[in-house]
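Worksheet: the structure to be examined is printed underneath.
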Amino acid sequence: MGLITPLYDDLWNEYVLWSALVGLFTFGWLYHHSFYYTAKEGETPNIDNLEVGVFPKEYDNLKLEFAWFIAPLMLIIYLTFISWAPLDNLWSAASSEDGGHYGNECAAGESSNLMFNDDTGLYEADCYEVFGITGYQWYWEFDCFDLSEDLCAVSTTTIEGKDQPLISLKANTAYLAVMDSNDVTHAPWFVSLGIKEDVLPQQTTTQWVLADNVENFLLLCTEYCGDDHAYMIAGVSVHA
Amino acid sequence: MSDHDDHHAPQPWGPHDWHHGAPHNSFSPLFLSMGVAISLFGLAAAWDYGTYNPGHIPTILLGLLVVGFSMFIWWRQDISFDGHYDPISTGTPFRGIQVRKVATWVFLMSEMMVFTSLFSTYMRYRLGIENCGTVFERGMFDPVTNPTGWQEGVAVTCFEPASHLIASSWWHLAPGAVNTFALILSSFTVVQALRYAKMPDLDEEARRKKVYRYLASTWCLAVLFLTLKMVEWFVGFYVPEISFIGLHEHDIVSLVDEGYTINADHYQHHSYIDEATGAHMVANIQVSASLFYVTTGTHGAHVAGGIIGLTYMTFKAWKGLYTPANAVSIEYFGLYWHFVDLIWVLVFPFFYLY
Amino acid sequence: MERKTLVTRSMVALILISIAMVVSPAVNSLPTGVGGTGIQSSGCNCHSAVPTATVDITVDGLPEEYNASETYTVTVSFSGGPVESGINSGGFNLWASGGEFSVLDATVESRAPAEVTHTEAGNDYRTWTVEWIAPSHGRDVDFIVHVNSVNGDGANSGDEWNRYDLTVAGSLGPGLDPADPFTVLATLIIISGLLLTITILYGFYRTNPDVFDWEHLAPWIADWLTTTDHKKIGTLYFVQGLFFLGVGGILAMMIRLQLAGPDMGFISQDQYNSFFTLHGTTMIFLAAMPLINGFANWIVPLQIGAPDLALPRINALSFWLQPFAALLIFTGVFSGQGADTGWTGYAPYIVSTGAHTGVTMWVAGQIMLVASSTLTGINFLTTMAVMRAEGMGWMQMPLFTWSILVANLMLFLSIPAFGVGLIQVYLDRTISTAFYDIAAGGDPLLWSHLFWYFGHPEVYVVIVPAFGVISEVLATSARRSIFGYKSMVLAMAGIGIVAFIVYGHHMFTSGMSPNLRFITMLTTMLVAVPTGVKIFNWLKTLHGGSLVYRTHTLWALGFLVTFTLGGISGMFFPSITMDAHLHETYFVVAHFHYVLVGGTVFGFFAAIYYWYPKMTGRMLDEKLGTLHFLTAFVTYNGIFWPMHRLGVIGMPRRTHTYFITTEDFTALPEWAADWNMFISVCAFLFFFSNFILVANMLISLVRGQKAPADPWGGWSFEWMTASPPPTPSFDWNNLPVLKDANEHIANEPSAIGRWFNRLMVPEDQEEVSH
């Protein structure tokens, strides 16, 4: 479907498939029974001889109940299994010694070479760059540290008639965003990259920003932070 | 509209006619809720982030008055309770047990969660924030040798347990220690009251005296507990010269006077002085102080609630209204009281000793 | 039309709608891009956070009073701020409430007919000139000017800005001001309150038209205020729940009006924030829980054969805490400072001075709700443990009673954590303790933990009773016993246990330790198992049954559809890689409304149709009921189904506006605005369709058929009593005894039960009691 990122899309497609199967099964069953097992007009039968003040005759079937205890269990074990691997990508360690997927921090002039490996279904990179994000009520501040203009640049742009910060990143580069907040909890959502993580005052959080495609998109705040929460946006421009 | 027969008319202000089954209509719940709402409203209006606005104190008092009035209605309806109607459980596994005793146990289960949450908060901060003593021992700041040290005049955010003050000498610990024994003793006296109230072959006057005196001593011990707590928090006390046990005359300063308050962002403990330079480490200990006062305060509120209940029970005992048939209501209170006692046994080491 | 045909056609229509929902064509008929007014209310905060007073704005060329349609040349200039540097020295934005601007030179560009701003070239000046063509209507016109005083270094730091407002009078004076949304809300609440009062008075009048006077009214009202009868308190809860369902609905309509188009400007962000906060709080605590408690109060004692609850006066206290808590919660609204923290009230925002002052009262109100819920929990658990009729072991309790047991057990073990958190926040905001003071070392995640430790069980607390209702309704409607009674009970108990170990999934993006996140991912997946068992058991109950279609049957089947959809969408969240995208979007909003409205509310609509005859002695009108089901079910899906898609394509929740893709940036596609309009229309239809239910209840109360004791053929004890039941519900000296169609005898105490008995009964028990 090409919704967000390959990481997300693979999971999404799998989940939608299983949702559709479960839905078809359940609703098919429901629709069939709700038409087939109906009382004739004006008739009120009493199949299990329900009677006031008498606990009804038990109606069960251990095998069946066990079957639909096991079936969802199998399904969720499978879904957990497929959800597991991308976590390595999402929370990769920050150095290759610890098994990180994105190598170590790039030396000057070294190229990140971020790419999606179709065989493993994961992102890989030779090294990564670091930039900073700080949340304020109600705007974002980016910090490129000492990255070159090409890798990371901060400027302003106009979005819906208001000046907002803009960060330019280079495509096919893995970035580690080091984040904190100046006042309350915020969360930068890189919409087109499908990632977000809270920024907390006096604490540092990180997230991997995997700029793989050339595109311009918005960064929104997704942890409620007060009056202008809705306008706490920034532009993200990924260039070739 | 004739739900009630004539001699069974609703008595929403009390007293009840217990011989006709379940407790019936009462204005007490309505007024109690109203009073609580007014008090909370007044409290929120009277303090705004520590800014005190005395104009709203009457609102708080009004709320408490309404609460008190509702308790009065409640007790007025209850005082005629002679045990004639005390519902007994029919379902397993509690068959044969008084319904309200089961309810008290269930209530204590949720009370347990209240203190569990408070202790979780305590553990989070105690383990998550560096201890002030550790910071002090690291020594004074030096850009080369000790870049993480503390600096003169710059407040360090660290955890300062109240026990650092309280456990510093026997006299500082005295109020807490006496309180511990007071509560344990009061658990004993309340059981004695129950024992005599239940004793079947006691004559009426003897029972009245025994029950009344034991409940009254429980009341006194509970009041002693809160009084000593106030002394320890706000007042402090004087220790005279008693030469033959080697005691010197000195003042024990209250926690608040020591500067151990919820606003203490520049707190100085007398031991945090660098011997070489005479510099004083100052600390922001607001979190530790908040934890101490709110946790021990929540326990104190439970004691205060117990005192309110005891006041009524002592009065009822003084009137000689406890008999073996309704003695079990002393047990309901006793269960709660033991729980409060037990919590103190946990609070004491966590906040006073360690 | 024959009833049967009506039902068949309804079901066919529902299938078609379901198919249409899946296909979801994008409607591209509505224009998008309603003009921006955001800057007018919030200011330009990109250059620095607050305006600078020393930046002095002058507007020349505007008359005191304008002549209709005349053209004026307006000059905007300013002084102050950083030193002028020649290039990149300033910018402005001029907005008028009427008339049109026309551009004179290349330094100014038009943004909307009545809004102009500087161009790239205009950036180098501090004076701009533009023409204003006055409107023809002759009303006063408001101007808002924003200027940026820029220091020319290319970055935002060091820049300053200011705002200037002026009004040019028209010959006809001021126009009609748009109504303040707070006033609208207050008016609507007061009107609803008045309607409620009138309804109550009418109810009194109907009970006996001959004695409609104060002498009879006063004791009647006093009786309701002081009652300790479980049925009357149930009715009070029920009325309160429905009333706040309406209030919460009004708040939702305000939210939907604002979101009907991008950048609507119907309500300001301030108001929007407090409306969605109050919507959540009201719906969960003041609508859903009282509705559940209403039925629990009414039905649980009847179902277990008890004359009343264990602690009747405590029960009255639980109820009365609620309306007073509601007063505190809404206090802030009427002073224009309603709580604006979201129902989760995340720290440190909740204790920051930036949050509205109403937050303190909102917290105080919730402390009272916590007290109320705790007391309710104690009361119901005790009642179910000790007052079951002879012959009713734990495993013979009707499933609705079981669901209330599980719900209350979860509630009263989890809510103290929330209560303690609230007290900490309340003290932080009043006497200035420092639990969440970041500078003093407070930890915002501590609040999240305390809140969600309660918050997650809480959402099961509101859904599990609906499971109970559906179990009763489906089995009775299919005219058979429920399939797998034991696995139903175990599944509910399983949900109750799992509830306590999954709450971390609300914090997947919170910076919490990845290990904890991973563990809660595993446990959260587990929730699907007991829920799946329940759904399949319900379906199997229908098998070989003989479904009698009544309104409550329709609602129960509708519940199965919507709850299953909500359950499926819930499975997307524990997959953390997807949650990183979906967290805090409309996908979440869609999911929890599918389970809370499609689950809880639909479940309790079924309960209303099912137990109303028992409560009032009157049958509800089936035609109106079917109409209510059809309209509400269809419009409900119209509201929440499209939200899934909006969430996935990037619409965040809790924002009072959303951004449509422009040439420069990819955001929401244009059809997202169309869908939002569609959702808003459906929302209003859904809101109004529920008045059919209210009308049905009122009309049937007066004109409905008299109900027999057991209109639907259920088996549990409530159908044994008359409709409505007497007071006390069962005679103390003649309590019912449950028979069992199966052979085993379950009421013998188990080994644990005997142990308990020995533990708890004092030896002198026999002498003391009786």
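Every chain in the structure tokens has a letter given in the order shown (A, B, ...), and although residue numbers restart at 1 in each chain, ligands are simply numbered from 1 in the order shown.
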
Q: Identify, on the basis of only C-alpha atoms, every residue whose closest approach to range 175-190 of chain B does not exceed 6 Å; exclude the query and any residue fewer than 2 positions from it along the same chain; express the result as a list of chain:residue names.
A: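 The filter keeps B:Leu173, B:Gln192, B:Ala193, B:Tyr214, B:Thr218, B:Leu221, B:Phe225, B:Leu228, B:His338, B:Asp341.
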
Q: Within range 67-196 of chain A, find each residue whose DSSP state, derived from the backbone, is strand (DSSP E), and express the selection as a VMD selection string.
A: chain A and resid 104 to 105 115 to 117 122 to 124 127 to 136 139 to 143 152 to 159 162 to 170 173 to 181 188 to 190 195 to 196

Q.
Need to verify the contact set: Thr121 in chain B, 9 Å, only C-alpha atoms, exclusion of same-chain residues closer than 5 positions in sequence. Can you return it as a ChimeraX atom specification?
A. /B:116,126,291 /C:435,446,450

Any chance you could export the current selection's C-alpha atoms as a PDB file, in the first residue's frame?
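result20.pdb written:
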```pdb
ATOM      1  CA  THR B 116       1.030   1.000  48.258  1.00  0.00           C
ATOM      2  CA  ARG B 126      14.252   7.581  47.028  1.00  0.00           C
ATOM      3  CA  LEU B 291       6.905  12.892  50.334  1.00  0.00           C
TER       4      LEU B 291
ATOM      5  CA  PHE C 435       5.719  15.866  43.541  1.00  0.00           C
ATOM      6  CA  LEU C 446       5.516   8.742  37.823  1.00  0.00           C
ATOM      7  CA  LEU C 450      -0.027   6.010  38.619  1.00  0.00           C
TER       8      LEU C 450
END
```

Q: Using only C-alpha atoms, select each residue of chain A with any atom at most 6 Å away from an atom of chain C, and give the selection as a PyMOL selection string.
A: chain A and resi 8+37-39+46-48+50-57+59-60+68-69+72-73+83+163-164+184+194-198+216-217+222+227+230

Q) So which residues touch range 307-311 of chain B within 10 Å, counting only C-alpha atoms, skipping near sequence neighbours fewer than 5 positions away, as a list of chain:residue names? A)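 Selected residues are B:Gly68, B:Met71, B:Trp75, B:Val190, B:Leu215, B:Ala216, B:Thr218, B:Trp219, B:Cys220, B:Leu221, B:Ala222, B:Val223, B:Leu226, B:Ala301, B:His302, B:Lys316, B:Ala317, B:Ile330, B:Phe333, B:Trp337.
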
Q) Which one of B:Ser163, B:Ala103, B:Thr157, B:Arg207 sits closest to chain A if you count only C-alpha atoms? A) B:Thr157

Selection near Val464 in chain C, 10 Å with only C-alpha atoms, sequence-local residues under 5 positions removed, as a PDB file with N, CA and C atoms, in the first residue's frame:
```
ATOM      1  N   ILE C 292     -23.624   2.484  34.304  1.00  0.00           N
ATOM      2  CA  ILE C 292     -23.327   1.120  34.741  1.00  0.00           C
ATOM      3  C   ILE C 292     -23.790   0.924  36.180  1.00  0.00           C
ATOM      4  N   PHE C 400     -24.345 -11.078  34.320  1.00  0.00           N
ATOM      5  CA  PHE C 400     -24.268  -9.629  34.548  1.00  0.00           C
ATOM      6  C   PHE C 400     -23.690  -9.355  35.933  1.00  0.00           C
ATOM      7  N   TRP C 402     -21.738 -11.328  37.582  1.00  0.00           N
ATOM      8  CA  TRP C 402     -20.313 -11.647  37.496  1.00  0.00           C
ATOM      9  C   TRP C 402     -19.520 -10.481  36.907  1.00  0.00           C
ATOM     10  N   SER C 403     -20.075  -9.877  35.858  1.00  0.00           N
ATOM     11  CA  SER C 403     -19.329  -8.796  35.208  1.00  0.00           C
ATOM     12  C   SER C 403     -19.171  -7.613  36.155  1.00  0.00           C
ATOM     13  N   ILE C 404     -20.206  -7.347  36.962  1.00  0.00           N
ATOM     14  CA  ILE C 404     -20.091  -6.245  37.924  1.00  0.00           C
ATOM     15  C   ILE C 404     -19.064  -6.597  38.995  1.00  0.00           C
ATOM     16  N   LEU C 405     -19.027  -7.872  39.367  1.00  0.00           N
ATOM     17  CA  LEU C 405     -18.028  -8.313  40.352  1.00  0.00           C
ATOM     18  C   LEU C 405     -16.616  -8.065  39.830  1.00  0.00           C
ATOM     19  N   VAL C 406     -16.363  -8.529  38.608  1.00  0.00           N
ATOM     20  CA  VAL C 406     -15.022  -8.363  38.031  1.00  0.00           C
ATOM     21  C   VAL C 406     -14.689  -6.880  37.887  1.00  0.00           C
ATOM     22  N   ALA C 407     -15.663  -6.103  37.399  1.00  0.00           N
ATOM     23  CA  ALA C 407     -15.418  -4.679  37.181  1.00  0.00           C
ATOM     24  C   ALA C 407     -15.087  -3.988  38.495  1.00  0.00           C
ATOM     25  N   ASN C 408     -15.865  -4.287  39.549  1.00  0.00           N
ATOM     26  CA  ASN C 408     -15.627  -3.595  40.812  1.00  0.00           C
ATOM     27  C   ASN C 408     -14.334  -4.031  41.468  1.00  0.00           C
ATOM     28  N   GLU C 458      -9.530   0.844  34.278  1.00  0.00           N
ATOM     29  CA  GLU C 458     -10.747   1.651  34.179  1.00  0.00           C
ATOM     30  C   GLU C 458     -11.489   1.419  32.855  1.00  0.00           C
ATOM     31  N   VAL C 459     -10.772   1.338  31.738  1.00  0.00           N
ATOM     32  CA  VAL C 459     -11.491   1.151  30.481  1.00  0.00           C
ATOM     33  C   VAL C 459     -12.108  -0.241  30.440  1.00  0.00           C
ATOM     34  N   VAL C 469     -24.139  -7.607  30.197  1.00  0.00           N
ATOM     35  CA  VAL C 469     -25.456  -7.307  29.634  1.00  0.00           C
ATOM     36  C   VAL C 469     -25.680  -8.137  28.373  1.00  0.00           C
ATOM     37  N   ILE C 470     -24.673  -8.151  27.489  1.00  0.00           N
ATOM     38  CA  ILE C 470     -24.838  -8.838  26.212  1.00  0.00           C
ATOM     39  C   ILE C 470     -25.040 -10.333  26.451  1.00  0.00           C
ATOM     40  N   MET C 492     -13.794 -13.435  31.743  1.00  0.00           N
ATOM     41  CA  MET C 492     -13.907 -12.132  32.409  1.00  0.00           C
ATOM     42  C   MET C 492     -12.854 -11.989  33.492  1.00  0.00           C
ATOM     43  N   ALA C 493     -12.677 -13.061  34.277  1.00  0.00           N
ATOM     44  CA  ALA C 493     -11.655 -13.008  35.325  1.00  0.00           C
ATOM     45  C   ALA C 493     -10.283 -12.807  34.690  1.00  0.00           C
ATOM     46  N   ILE C 495      -9.611 -11.268  31.875  1.00  0.00           N
ATOM     47  CA  ILE C 495      -9.491  -9.864  31.478  1.00  0.00           C
ATOM     48  C   ILE C 495      -9.153  -9.020  32.696  1.00  0.00           C
ATOM     49  N   GLY C 496      -9.808  -9.356  33.819  1.00  0.00           N
ATOM     50  CA  GLY C 496      -9.573  -8.607  35.052  1.00  0.00           C
ATOM     51  C   GLY C 496      -8.131  -8.703  35.515  1.00  0.00           C
ATOM     52  N   GLY C 599     -19.152  -0.462  22.296  1.00  0.00           N
ATOM     53  CA  GLY C 599     -19.182  -1.493  23.321  1.00  0.00           C
ATOM     54  C   GLY C 599     -20.069  -1.100  24.485  1.00  0.00           C
ATOM     55  N   THR C 600     -19.548  -0.170  25.317  1.00  0.00           N
ATOM     56  CA  THR C 600     -20.271   0.165  26.542  1.00  0.00           C
ATOM     57  C   THR C 600     -21.644   0.773  26.276  1.00  0.00           C
ATOM     58  N   GLY C 603     -24.013  -1.580  24.594  1.00  0.00           N
ATOM     59  CA  GLY C 603     -24.367  -2.596  25.573  1.00  0.00           C
ATOM     60  C   GLY C 603     -25.424  -2.075  26.534  1.00  0.00           C
TER      61      GLY C 603
END
```

**Q.** Contact residues around range 345-353 of chain B with only C-alpha atoms at 6 Å, ignoring same-chain residues under 2 positions, as a PyMOL selection string
**A.** chain B and resi 163+167+342-343

Q: Per DSSP on the backbone, filter range 490-616 of chain C down to the residues in helix (DSSP H, G or I) and report them as a PyMOL selection string.
A: chain C and resi 490-501+503-507+514-526+528-542+551-570+576-582+586-616

Kindly provide the residues of chain B that approach chain C to within 7 Å, each paired with its closest atom pair and their distance in Å to one decimal, based on only C-alpha atoms, listed by chain and increasing number, as a Markdown table.
```
| residue | atom | partner | partner_atom | distance |
| --- | --- | --- | --- | --- |
| B:Pro12 | CA | C:Thr226 | CA | 6.3 |
| B:His24 | CA | C:Thr228 | CA | 5.9 |
| B:Asn25 | CA | C:Thr227 | CA | 4.7 |
| B:Ser26 | CA | C:Thr226 | CA | 4.7 |
| B:Phe27 | CA | C:Thr226 | CA | 5.0 |
| B:Pro29 | CA | C:Leu317 | CA | 4.4 |
| B:Leu30 | CA | C:Trp320 | CA | 5.6 |
| B:Ser33 | CA | C:Leu321 | CA | 4.9 |
| B:Met34 | CA | C:Phe324 | CA | 6.4 |
| B:Ala37 | CA | C:Phe324 | CA | 6.2 |
| B:Leu40 | CA | C:Ala364 | CA | 6.1 |
| B:Phe41 | CA | C:Met361 | CA | 6.7 |
| B:Ala44 | CA | C:Thr430 | CA | 5.8 |
| B:Trp47 | CA | C:Thr430 | CA | 4.7 |
| B:Asp48 | CA | C:Thr430 | CA | 4.6 |
| B:Tyr49 | CA | C:Ser432 | CA | 4.6 |
| B:Gly50 | CA | C:Ile431 | CA | 4.4 |
| B:Ser89 | CA | C:Val386 | CA | 4.4 |
| B:Thr90 | CA | C:Met387 | CA | 5.4 |
| B:Gly91 | CA | C:Val386 | CA | 4.6 |
| B:Thr92 | CA | C:Pro749 | CA | 5.7 |
| B:Pro93 | CA | C:Gly753 | CA | 4.2 |
| B:Phe94 | CA | C:Asn757 | CA | 5.9 |
| B:Arg95 | CA | C:Val386 | CA | 6.9 |
| B:Ile97 | CA | C:Val761 | CA | 6.1 |
| B:Val99 | CA | C:Val386 | CA | 6.4 |
| B:Val102 | CA | C:Thr382 | CA | 6.4 |
| B:Ala103 | CA | C:Thr382 | CA | 5.4 |
| B:Val106 | CA | C:Ile378 | CA | 5.8 |
| B:Phe107 | CA | C:Ile378 | CA | 5.8 |
| B:Ser110 | CA | C:Leu413 | CA | 5.7 |
| B:Met113 | CA | C:Pro416 | CA | 5.7 |
| B:Val114 | CA | C:Pro416 | CA | 4.9 |
| B:Ser117 | CA | C:Ala417 | CA | 5.3 |
| B:Leu118 | CA | C:Val420 | CA | 6.9 |
| B:Thr157 | CA | C:Ala440 | CA | 5.8 |
| B:Ile262 | CA | C:Thr433 | CA | 5.4 |
| B:Asn284 | CA | C:Ala440 | CA | 6.1 |
| B:Ile285 | CA | C:Ala440 | CA | 6.9 |
| B:Gln286 | CA | C:Ala434 | CA | 5.6 |
| B:Val287 | CA | C:Ala434 | CA | 5.1 |
| B:Ser290 | CA | C:Thr433 | CA | 5.3 |
| B:Pro324 | CA | C:Val768 | CA | 6.1 |
| B:Ala325 | CA | C:Val768 | CA | 5.7 |
```

Q.
Please list as a PyMOL selection string every residue within 9 Å of Thr157 in chain A, counting only C-alpha atoms and excluding residues in the same chain fewer than 5 positions away.
A. chain A and resi 162-166+234-235

Q: One decimal, Å: what's the distance from CA of Ile159 in chain A over to CA of Leu94 in chain C, could you say?
A: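 Those two atoms sit 17.0 Å apart.
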
Q: Record the distance separating CA of Leu114 in chain A and CA of Asp212 in chain A, expressed in Å with one decimal.
A: 6.8 Å

Q: Mind giving me the straight-line distance from CA of Asn53 in chain B to CA of Leu65 in chain B in Å, one decimal?
A: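 Here the two named atoms are 20.0 Å from each other.
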